[in-house]
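So this block is protein_35.cif, mmCIF, C-alpha atoms:
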data_protein
#
loop_
_atom_site.label_atom_id
_atom_site.label_comp_id
_atom_site.auth_asym_id
_atom_site.auth_seq_id
_atom_site.Cartn_x
_atom_site.Cartn_y
_atom_site.Cartn_z
CA MET D 100 23.81 24.90 -15.06
CA SER D 101 25.45 26.41 -11.98
CA LEU D 102 22.57 25.06 -9.86
CA LEU D 103 23.19 21.59 -11.26
CA LYS D 104 26.94 21.90 -10.59
CA LYS D 105 26.23 23.03 -7.05
CA MET D 106 24.10 19.93 -6.51
CA MET D 107 26.66 17.67 -8.18
CA SER D 108 29.33 18.78 -5.73
CA GLN D 109 27.03 17.77 -2.85
CA LEU D 110 26.69 14.37 -4.49
CA GLY D 111 30.44 13.97 -4.86
CA ILE D 112 30.47 14.23 -8.65
CA GLU D 113 33.47 16.06 -10.12
CA ASP D 114 32.83 19.42 -11.74
CA GLU D 115 34.75 18.32 -14.85
CA ARG D 116 32.15 15.69 -15.70
CA LEU D 117 29.69 18.33 -16.88
CA ARG D 118 30.24 20.96 -19.55
CA LEU D 119 27.82 23.14 -21.49
CA ASP D 120 29.03 24.76 -24.69
CA TRP D 121 27.59 26.18 -27.88
CA VAL D 122 28.84 25.33 -31.35
CA SER D 123 27.38 26.54 -34.61
CA ALA D 124 26.71 24.04 -37.41
CA SER D 125 29.52 25.69 -39.40
CA GLU D 126 32.16 25.23 -36.70
CA ALA D 127 33.19 21.62 -37.33
CA GLU D 128 36.70 22.11 -36.02
CA ARG D 129 35.51 23.68 -32.78
CA PHE D 130 33.01 20.84 -32.30
CA ALA D 131 35.76 18.22 -32.70
CA GLN D 132 38.03 20.13 -30.36
CA ILE D 133 35.42 20.31 -27.59
CA VAL D 134 34.58 16.61 -27.92
CA ASN D 135 38.29 15.73 -27.78
CA GLU D 136 38.86 17.94 -24.74
CA MET D 137 35.88 16.45 -22.93
CA THR D 138 36.94 12.89 -23.78
CA GLU D 139 40.48 13.53 -22.56
CA GLN D 140 39.16 15.14 -19.38
CA LEU D 141 36.92 12.14 -18.62
CA ARG D 142 39.70 9.68 -19.38
CA LYS D 143 41.85 11.40 -16.76
CA LEU D 144 39.03 11.16 -14.19
CA GLY D 145 38.43 7.47 -14.89
CA PRO D 146 35.14 5.60 -14.82
CA PHE D 147 32.31 6.96 -12.69
CA SER D 148 31.05 4.62 -10.01
CA PRO D 149 28.08 6.07 -8.17
CA GLY D 150 28.28 3.57 -5.37
CA ASN D 151 31.61 4.41 -3.80
CA GLY D 152 30.03 4.41 -0.39
CA GLY D 153 31.53 1.45 1.42
CA GLY D 154 30.81 -2.26 1.82
CA ASN D 155 27.21 -2.89 0.93
CA VAL D 156 26.17 -0.26 -1.52
CA MET I 247 -9.48 -15.14 1.04
CA GLU I 248 -11.09 -18.55 0.54
CA GLY I 249 -14.69 -17.47 0.98
CA ALA I 250 -16.66 -14.28 1.19
CA MET I 251 -16.96 -14.71 4.95
CA SER I 252 -13.28 -15.17 5.74
CA LYS I 253 -11.44 -12.15 7.02
CA LEU I 254 -8.38 -10.64 5.44
CA LYS I 255 -5.10 -11.25 7.26
CA LEU I 256 -3.20 -8.00 7.57
CA ALA I 257 0.38 -7.34 8.71
CA LEU I 258 1.91 -3.93 9.39
CA TYR I 259 5.60 -3.29 9.88
CA TRP I 260 7.95 -0.35 10.43
CA ALA I 261 11.57 -0.18 9.32
CA ALA I 262 13.67 3.03 9.07
CA SER I 263 10.89 5.49 9.80
CA CYS I 264 9.72 7.93 12.45
CA GLY I 265 6.46 6.33 13.61
CA GLY I 266 4.37 8.92 11.78
CA CYS I 267 3.06 6.28 9.38
CA GLU I 268 1.48 4.36 12.28
CA ILE I 269 -0.26 7.55 13.37
CA ALA I 270 -1.35 8.16 9.77
CA GLN I 271 -2.89 4.68 9.69
CA LEU I 272 -4.97 5.57 12.75
CA LEU I 273 -6.00 8.89 11.17
CA ILE I 274 -8.62 7.05 9.10
CA GLY I 275 -10.72 7.53 12.25
CA ASP I 276 -13.90 5.49 12.66
CA LYS I 277 -13.19 3.72 9.37
CA ILE I 278 -10.78 1.65 11.46
CA LEU I 279 -13.92 -0.20 12.65
CA LYS I 280 -14.73 -1.11 9.05
CA LEU I 281 -11.17 -2.35 8.72
CA ALA I 282 -11.54 -4.42 11.90
CA GLU I 283 -14.72 -5.98 10.47
CA ALA I 284 -12.94 -6.99 7.30
CA ALA I 285 -9.46 -7.84 8.52
CA ASP I 286 -7.55 -9.51 11.32
CA ILE I 287 -4.23 -7.92 12.14
CA VAL I 288 -1.71 -10.72 12.60
CA PHE I 289 1.46 -8.65 13.06
CA TRP I 290 1.87 -5.00 14.08
CA PRO I 291 4.85 -4.34 16.38
CA VAL I 292 3.64 -0.89 17.41
CA ALA I 293 0.36 -2.21 18.80
CA ILE I 294 0.27 -5.98 19.25
CA ASP I 295 2.68 -8.38 20.87
CA ALA I 296 3.47 -10.77 18.03
CA LYS I 297 7.10 -11.87 17.76
CA TYR I 298 9.31 -12.32 14.70
CA LYS I 299 9.27 -16.09 15.31
CA ASP I 300 5.46 -16.04 15.11
CA VAL I 301 5.71 -14.55 11.62
CA GLU I 302 8.44 -17.02 10.72
CA ALA I 303 6.12 -19.88 11.69
CA MET I 304 3.34 -18.69 9.37
CA PRO I 305 3.00 -20.56 6.05
CA ASP I 306 4.19 -18.72 2.92
CA LYS I 307 1.57 -16.37 1.42
CA SER I 308 -0.69 -16.85 4.43
CA ILE I 309 -0.83 -13.10 5.10
CA ASP I 310 -3.11 -11.39 2.57
CA VAL I 311 -1.62 -7.91 2.74
CA CYS I 312 1.45 -6.35 4.34
CA LEU I 313 1.61 -2.58 4.79
CA PHE I 314 5.34 -1.93 5.12
CA ASN I 315 6.55 1.52 6.11
CA GLY I 316 10.12 2.72 6.49
CA ALA I 317 13.28 2.44 4.43
CA ILE I 318 15.84 -0.36 4.63
CA ARG I 319 19.07 0.60 6.38
CA THR I 320 19.86 -2.31 8.72
CA SER I 321 20.20 -6.09 8.37
CA GLU I 322 17.16 -6.54 10.62
CA GLN I 323 14.97 -4.42 8.35
CA GLU I 324 16.20 -6.28 5.27
CA HIS I 325 15.50 -9.63 6.97
CA LEU I 326 11.96 -8.60 7.94
CA ALA I 327 11.24 -7.21 4.48
CA LYS I 328 12.27 -10.51 2.91
CA MET I 329 10.37 -12.57 5.49
CA LEU I 330 7.18 -10.53 5.16
CA ARG I 331 7.44 -10.69 1.36
CA GLU I 332 7.50 -14.49 1.54
CA LYS I 333 4.58 -14.62 3.93
CA SER I 334 2.40 -12.02 2.15
CA ARG I 335 0.39 -12.25 -1.04
CA VAL I 336 0.34 -8.48 -1.50
CA MET I 337 3.22 -6.24 -0.39
CA ILE I 338 2.48 -2.52 -0.15
CA ALA I 339 5.14 0.14 0.32
CA TYR I 340 3.40 2.51 2.73
CA GLY I 341 4.70 6.08 2.90
CA ALA I 342 7.64 8.00 1.48
CA CYS I 343 10.43 6.08 3.30
CA ALA I 344 9.36 2.65 2.06
CA SER I 345 8.64 3.91 -1.45
CA GLU I 346 11.55 6.31 -2.01
CA GLY I 347 13.84 6.28 1.02
CA GLY I 348 12.26 9.33 2.64
CA ILE I 349 14.01 11.59 5.12
CA PRO I 350 16.27 8.74 6.37
CA GLY I 351 17.36 8.42 2.72
CA LEU I 352 19.26 11.70 2.98
CA ALA I 353 21.81 9.66 4.95
CA ASN I 354 22.93 8.53 1.48
CA LEU I 355 24.92 11.77 1.37
CA PHE I 356 27.19 10.02 3.89
CA ASN I 357 28.21 6.46 4.81
CA ARG I 358 28.25 4.38 7.98
CA GLN I 359 31.68 5.61 9.07
CA THR I 360 30.88 9.32 8.74
CA ILE I 361 27.45 8.86 10.34
CA PHE I 362 28.88 6.92 13.32
CA ASP I 363 31.70 9.45 13.75
CA ARG I 364 29.22 12.31 13.81
CA VAL I 365 26.60 10.67 16.02
CA TYR I 366 28.80 8.83 18.53
CA LEU I 367 31.94 11.00 18.64
CA GLU I 368 31.57 14.50 17.26
CA THR I 369 28.27 16.16 18.18
CA GLN I 370 28.54 18.94 20.75
CA SER I 371 26.27 17.05 23.13
CA THR I 372 28.18 13.75 22.92
CA ASP I 373 29.95 12.57 26.06
CA ASN I 374 31.81 9.45 24.96
CA LYS I 375 35.38 9.49 26.35
CA GLU I 376 35.88 5.77 25.67
CA LYS I 377 34.89 6.37 22.03
CA VAL I 378 32.37 3.53 22.06
CA VAL I 379 30.61 2.92 18.76
CA PRO I 380 28.04 0.17 18.11
CA GLN I 381 29.48 -3.30 17.41
CA THR I 382 27.37 -6.00 15.78
CA LYS I 383 28.76 -8.58 18.28
CA TYR I 384 29.82 -8.22 21.89
CA LYS I 385 30.90 -10.92 24.33
CA VAL I 386 29.55 -10.77 27.87
CA PRO I 387 29.90 -13.46 30.60
CA GLU I 388 26.42 -14.72 29.73
CA GLY I 389 27.28 -15.22 26.06
CA GLU I 390 27.44 -13.20 22.86
CA LEU I 391 25.15 -10.24 22.26
CA THR I 392 24.31 -9.14 18.73
CA ILE I 393 22.65 -6.12 17.19
CA PRO I 394 21.72 -5.60 13.52
CA GLU I 395 24.30 -4.34 11.06
CA PHE I 396 23.96 -0.71 9.97
CA TYR I 397 24.35 -0.33 6.19
CA ASP I 398 26.25 2.35 4.30
CA THR I 399 23.32 2.93 1.98
CA VAL I 400 19.62 3.40 2.68
CA ARG I 401 17.47 1.48 0.22
CA THR I 402 13.81 1.60 -0.72
CA LEU I 403 11.57 -1.40 -0.10
CA ALA I 404 11.32 -2.04 -3.85
CA GLN I 405 15.12 -2.15 -4.09
CA THR I 406 15.02 -4.94 -1.48
CA VAL I 407 11.98 -7.08 -2.37
CA ASP I 408 9.19 -7.13 -4.98
CA VAL I 409 6.54 -4.53 -4.17
CA ASP I 410 2.98 -4.76 -5.50
CA TYR I 411 1.58 -1.31 -4.65
CA THR I 412 2.73 2.02 -3.28
CA ILE I 413 0.85 4.38 -0.98
CA PRO I 414 2.74 7.70 -1.12
CA GLY I 415 3.19 10.44 1.47
CA CYS I 416 5.09 11.59 4.52
CA PRO I 417 2.87 10.46 6.01
CA PRO I 418 0.10 9.39 3.61
CA GLU I 419 -3.05 11.47 4.01
CA ALA I 420 -5.92 9.58 5.67
CA LYS I 421 -7.96 9.72 2.45
CA THR I 422 -5.08 8.11 0.50
CA THR I 423 -4.74 5.35 3.11
CA TRP I 424 -8.48 4.71 2.99
CA LEU I 425 -8.52 4.69 -0.83
CA ALA I 426 -6.09 1.77 -0.68
CA LEU I 427 -7.71 -0.03 2.27
CA GLU I 428 -11.18 0.26 0.75
CA ALA I 429 -9.91 -1.23 -2.52
CA LEU I 430 -8.37 -4.06 -0.50
CA ILE I 431 -11.49 -4.75 1.52
CA GLU I 432 -13.68 -4.75 -1.57
CA GLY I 433 -11.17 -6.83 -3.51
CA LYS I 434 -10.97 -4.14 -6.20
CA LEU I 435 -7.25 -3.49 -6.33
CA PRO I 436 -5.89 -1.57 -9.33
CA PRO I 437 -3.28 -3.14 -11.66
CA ARG I 438 -0.12 -4.30 -9.90
CA GLY I 439 2.50 -1.57 -9.61
CA THR I 440 -0.01 1.27 -9.18
CA VAL I 441 0.83 4.16 -6.90
CA ILE I 442 -2.47 4.55 -5.08
CA THR I 443 -3.62 8.19 -4.87
CA HIS I 444 -6.59 10.32 -5.88
CA ASN I 445 -4.69 12.40 -8.44
CA ALA I 446 -1.75 11.25 -10.56
CA LYS I 447 -1.15 14.81 -11.78
CA ALA I 448 1.06 17.31 -9.95
CA VAL I 449 0.18 18.88 -6.58
CA CYS I 450 -0.41 22.15 -8.51
CA ASP I 451 -3.53 20.47 -9.90
CA ASP I 452 -4.89 20.19 -6.33
CA CYS I 453 -3.65 23.64 -5.28
CA PRO I 454 -6.16 26.51 -5.29
CA ARG I 455 -3.52 29.28 -5.48
CA LYS I 456 -3.52 31.71 -8.43
CA ARG I 457 -0.87 31.00 -11.02
CA ASP I 458 0.59 33.53 -13.41
CA VAL I 459 4.05 33.96 -14.94
CA LYS I 460 6.89 32.49 -12.93
CA LYS I 461 9.89 34.82 -13.01
CA ILE I 462 12.14 34.59 -10.00
CA LYS I 463 14.84 37.09 -9.05
CA LYS I 464 15.24 35.90 -5.47
CA PHE I 465 14.54 32.69 -3.58
CA TYR I 466 13.50 32.76 0.06
CA ARG I 467 13.53 30.23 2.85
CA THR I 468 10.21 29.78 4.60
CA PHE I 469 11.20 31.77 7.70
CA GLU I 470 12.30 34.79 5.67
CA ILE I 471 8.94 35.92 4.31
CA ILE I 472 5.23 35.66 5.04
CA PRO I 473 3.85 34.76 1.62
CA ASP I 474 0.68 36.16 0.08
CA PRO I 475 -2.00 33.53 0.83
CA GLU I 476 -3.48 33.50 -2.68
CA ILE I 477 -0.58 33.59 -5.14
CA CYS I 478 1.49 30.57 -6.22
CA LEU I 479 4.29 30.07 -3.67
CA LEU I 480 6.92 29.38 -6.33
CA GLU I 481 6.08 32.70 -7.99
CA GLN I 482 6.82 34.32 -4.62
CA GLY I 483 10.29 32.75 -4.54
CA LEU I 484 9.58 29.84 -2.22
CA LEU I 485 10.94 26.49 -3.41
CA CYS I 486 7.58 24.73 -3.67
CA ALA I 487 7.93 21.15 -4.95
CA GLY I 488 4.32 21.03 -6.13
CA ILE I 489 5.40 21.31 -9.77
CA ALA I 490 7.34 18.02 -9.51
CA THR I 491 5.22 16.10 -7.01
CA ARG I 492 2.35 13.65 -7.44
CA GLY I 493 -0.94 15.04 -6.20
CA GLY I 494 -3.85 13.41 -4.43
CA CYS I 495 -2.91 14.84 -1.05
CA GLY I 496 -5.19 17.82 -1.72
CA ALA I 497 -2.31 20.31 -1.36
CA PRO I 498 -2.70 20.86 2.42
CA CYS I 499 0.76 22.42 2.79
CA PRO I 500 0.38 25.24 0.22
CA GLN I 501 -3.06 25.92 1.72
CA ALA I 502 -1.37 26.39 5.11
CA ASN I 503 1.04 28.89 3.48
CA MET I 504 3.89 26.36 3.42
CA PRO I 505 5.56 25.14 0.23
CA CYS I 506 5.15 21.52 -0.84
CA THR I 507 8.26 19.51 0.06
CA GLY I 508 7.57 16.68 -2.36
CA CYS I 509 6.48 13.81 -0.12
CA TYR I 510 4.06 12.16 -2.58
CA GLY I 511 6.96 11.37 -4.93
CA PRO I 512 7.42 12.03 -8.64
CA VAL I 513 4.49 12.59 -10.99
CA ASP I 514 3.62 9.65 -13.25
CA GLY I 515 6.18 9.13 -15.98
CA VAL I 516 9.04 10.83 -14.12
CA VAL I 517 11.86 8.62 -12.81
CA ASP I 518 13.96 11.16 -10.95
CA GLN I 519 11.90 13.62 -8.92
CA GLY I 520 14.86 15.77 -7.84
CA ALA I 521 16.12 16.31 -11.40
CA HIS I 522 12.56 17.17 -12.48
CA PHE I 523 12.17 19.69 -9.65
CA LEU I 524 15.62 21.20 -10.26
CA SER I 525 14.98 21.71 -13.97
CA GLY I 526 11.63 23.32 -13.17
CA VAL I 527 13.28 25.72 -10.72
CA ALA I 528 16.14 26.50 -13.11
CA SER I 529 13.63 27.43 -15.81
CA VAL I 530 11.91 30.12 -13.70
CA ILE I 531 15.09 32.02 -12.84
CA ASP I 532 14.64 35.40 -14.48
CA SER I 533 18.15 36.25 -15.66
CA ASN I 534 20.62 35.59 -18.46
CA ASP I 535 23.60 37.08 -16.68
CA PRO I 536 25.82 34.32 -15.22
CA SER I 537 26.94 36.34 -12.20
CA GLU I 538 23.35 37.37 -11.39
CA ILE I 539 22.26 33.74 -11.76
CA ASP I 540 24.98 32.68 -9.32
CA LYS I 541 23.71 35.28 -6.87
CA ILE I 542 20.11 34.03 -7.18
CA ILE I 543 21.23 30.42 -6.78
CA ALA I 544 23.28 31.28 -3.68
CA ASP I 545 19.93 31.45 -1.85
CA ILE I 546 19.35 27.74 -2.54
CA HIS I 547 21.40 26.50 0.39
CA ASP I 548 20.94 22.73 0.19
CA PRO I 549 20.06 21.58 -3.35
CA VAL I 550 20.03 17.83 -2.59
CA GLY I 551 18.01 18.29 0.61
CA THR I 552 15.59 20.54 -1.26
CA PHE I 553 15.14 18.68 -4.54
CA TYR I 554 15.56 15.11 -3.24
CA ARG I 555 14.14 15.62 0.24
CA TYR I 556 12.34 12.26 0.19
CA SER I 557 13.72 10.55 -2.89
CA LEU I 558 17.54 10.34 -2.87
CA PRO I 559 17.68 6.50 -2.58
CA ASP I 560 15.09 6.21 -5.37
CA SER I 561 16.94 8.67 -7.65
CA LEU I 562 19.08 7.63 -10.61
CA LEU I 563 22.23 8.08 -8.50
CA ARG I 564 20.74 6.56 -5.32
CA ARG I 565 23.52 8.04 -3.17
CA ALA I 566 26.40 10.47 -3.08
CA ARG I 567 29.93 9.30 -3.72
CA THR I 568 31.78 9.35 -0.46
CA LYS I 569 35.44 8.75 0.26
#

Is it possible to express this structure as structure tokens?
Amino acid sequence: MSLLKKMMSQLGIEDERLRLDWVSASEAERFAQIVNEMTEQLRKLGPFSPGNGGGNV
Amino acid sequence: MEGAMSKLKLALYWAASCGGCEIAQLLIGDKILKLAEAADIVFWPVAIDAKYKDVEAMPDKSIDVCLFNGAIRTSEQEHLAKMLREKSRVMIAYGACASEGGIPGLANLFNRQTIFDRVYLETQSTDNKEKVVPQTKYKVPEGELTIPEFYDTVRTLAQTVDVDYTIPGCPPEAKTTWLALEALIEGKLPPRGTVITHNAKAVCDDCPRKRDVKKIKKFYRTFEIIPDPEICLLEQGLLCAGIATRGGCGAPCPQANMPCTGCYGPVDGVVDQGAHFLSGVASVIDSNDPSEIDKIIADIHDPVGTFYRYSLPDSLLRRARTK
């Protein structure tokens, strides 16, 4: 996970776009909370466009 | 190829590459005489004086086979790729740069602006007080001079034109080149789209080193240790790409005590070689303690350059996001 994040930063991908968490099958509320947090976080970042590299990507 | 007696027409071209592929083509040794018996070379900028306009004048599909090496990073290379595709019945991506972007593909961590700034203005050895950077057009008394446009993104040949076959390697081993040329000469080409190599399994399958349990507490760079000559290099903490790389080369690098760097591309069925290599490396780290893991990973200094050394333009992302 931290290796992947290290590589993502080299590729210009925000840290917040990746999250690893564990939720037990009995923790419905926690599951919903994590999904909502992640969705909100991504909404703030906006759409991901890999080709933000200039004119003729 | 109208009759059995007619010779094949062969074209060879280089785009964004180092020239090593041309040397690799000559490494087939005396087999080059067999090639000369079976084929006429109609275009080969490194060796014969045919001009672009000569190729342009050839009828469409009049070249039987084009061996194209190098990635596509300028308008000239794109133009030649398209022209040679039109003129050739069979287009072969020769070598890592044409097939996956290769070493020049690591420029996809940057863009034209940052590359020009670095190369023409910033390096310690640069003496450029007038801050001159290449312009595609320049007026002189005699008229207008032009040079090709330099693109932000390095592309593979297959991202530019249709490619029929791939010969992998940086550069391809002589036996891989001959495997393809022999199939061509005998008219026994494999199904379209094949990556031509002796072994579609991983380099580990070619590698004679002893393999045991892979549990890594520390990674090393090649200059930091002299590895045991018989034990798997990855088990000794060297980032050997053999686990994620197509074989057929015969594993010459591990046999010379150097880790595989991944030049034969992904193994069959894998799209993204770097992600495959990274997940393999992550799985051999022998720790569950996050701070210890961070310490172990700190020894991997350049993840993209290590995992995608030859394949960044051919990866799912193709390039880094740059500002």

Please write the residues picked by the PyMOL selection byres ((chain I) within 7 of (chain D)) on this file as a short mmCIF file (atom, residue, chain, number, x, y, z; two decimals) with C-alpha atoms, in the frame of the given file.
data_model
loop_
_atom_site.label_atom_id
_atom_site.label_comp_id
_atom_site.auth_asym_id
_atom_site.auth_seq_id
_atom_site.Cartn_x
_atom_site.Cartn_y
_atom_site.Cartn_z
CA LEU I 355 24.92 11.77 1.37
CA ASN I 357 28.21 6.46 4.81
CA TYR I 397 24.35 -0.33 6.19
CA ASP I 398 26.25 2.35 4.30
CA THR I 399 23.32 2.93 1.98
CA ASP I 540 24.98 32.68 -9.32
CA ILE I 543 21.23 30.42 -6.78
CA PRO I 549 20.06 21.58 -3.35
CA VAL I 550 20.03 17.83 -2.59
CA LEU I 563 22.23 8.08 -8.50
CA ARG I 565 23.52 8.04 -3.17
CA ALA I 566 26.40 10.47 -3.08
CA ARG I 567 29.93 9.30 -3.72
CA THR I 568 31.78 9.35 -0.46
CA LYS I 569 35.44 8.75 0.26
#

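Closest approach to I:Glu481 from the set I:Asp452, I:Asp518, I:Asp532, I:Asp363 is made by I:Asp532, with distances taken over all atoms listed in the file.
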
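As for atom CA of I:Cys264 and atom CA of I:Thr402, they are spaced 15.2 Å apart.
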
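Closest approach to I:Leu272 among I:Ala284, I:Val530, I:Ala420, I:Ala257: I:Ala420, based on only C-alpha atoms.
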
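Counting all atoms listed in the file, the residue from I:Ser529, I:Lys253, I:Pro387, I:Phe396 that sits nearest to I:Val459 is I:Ser529.
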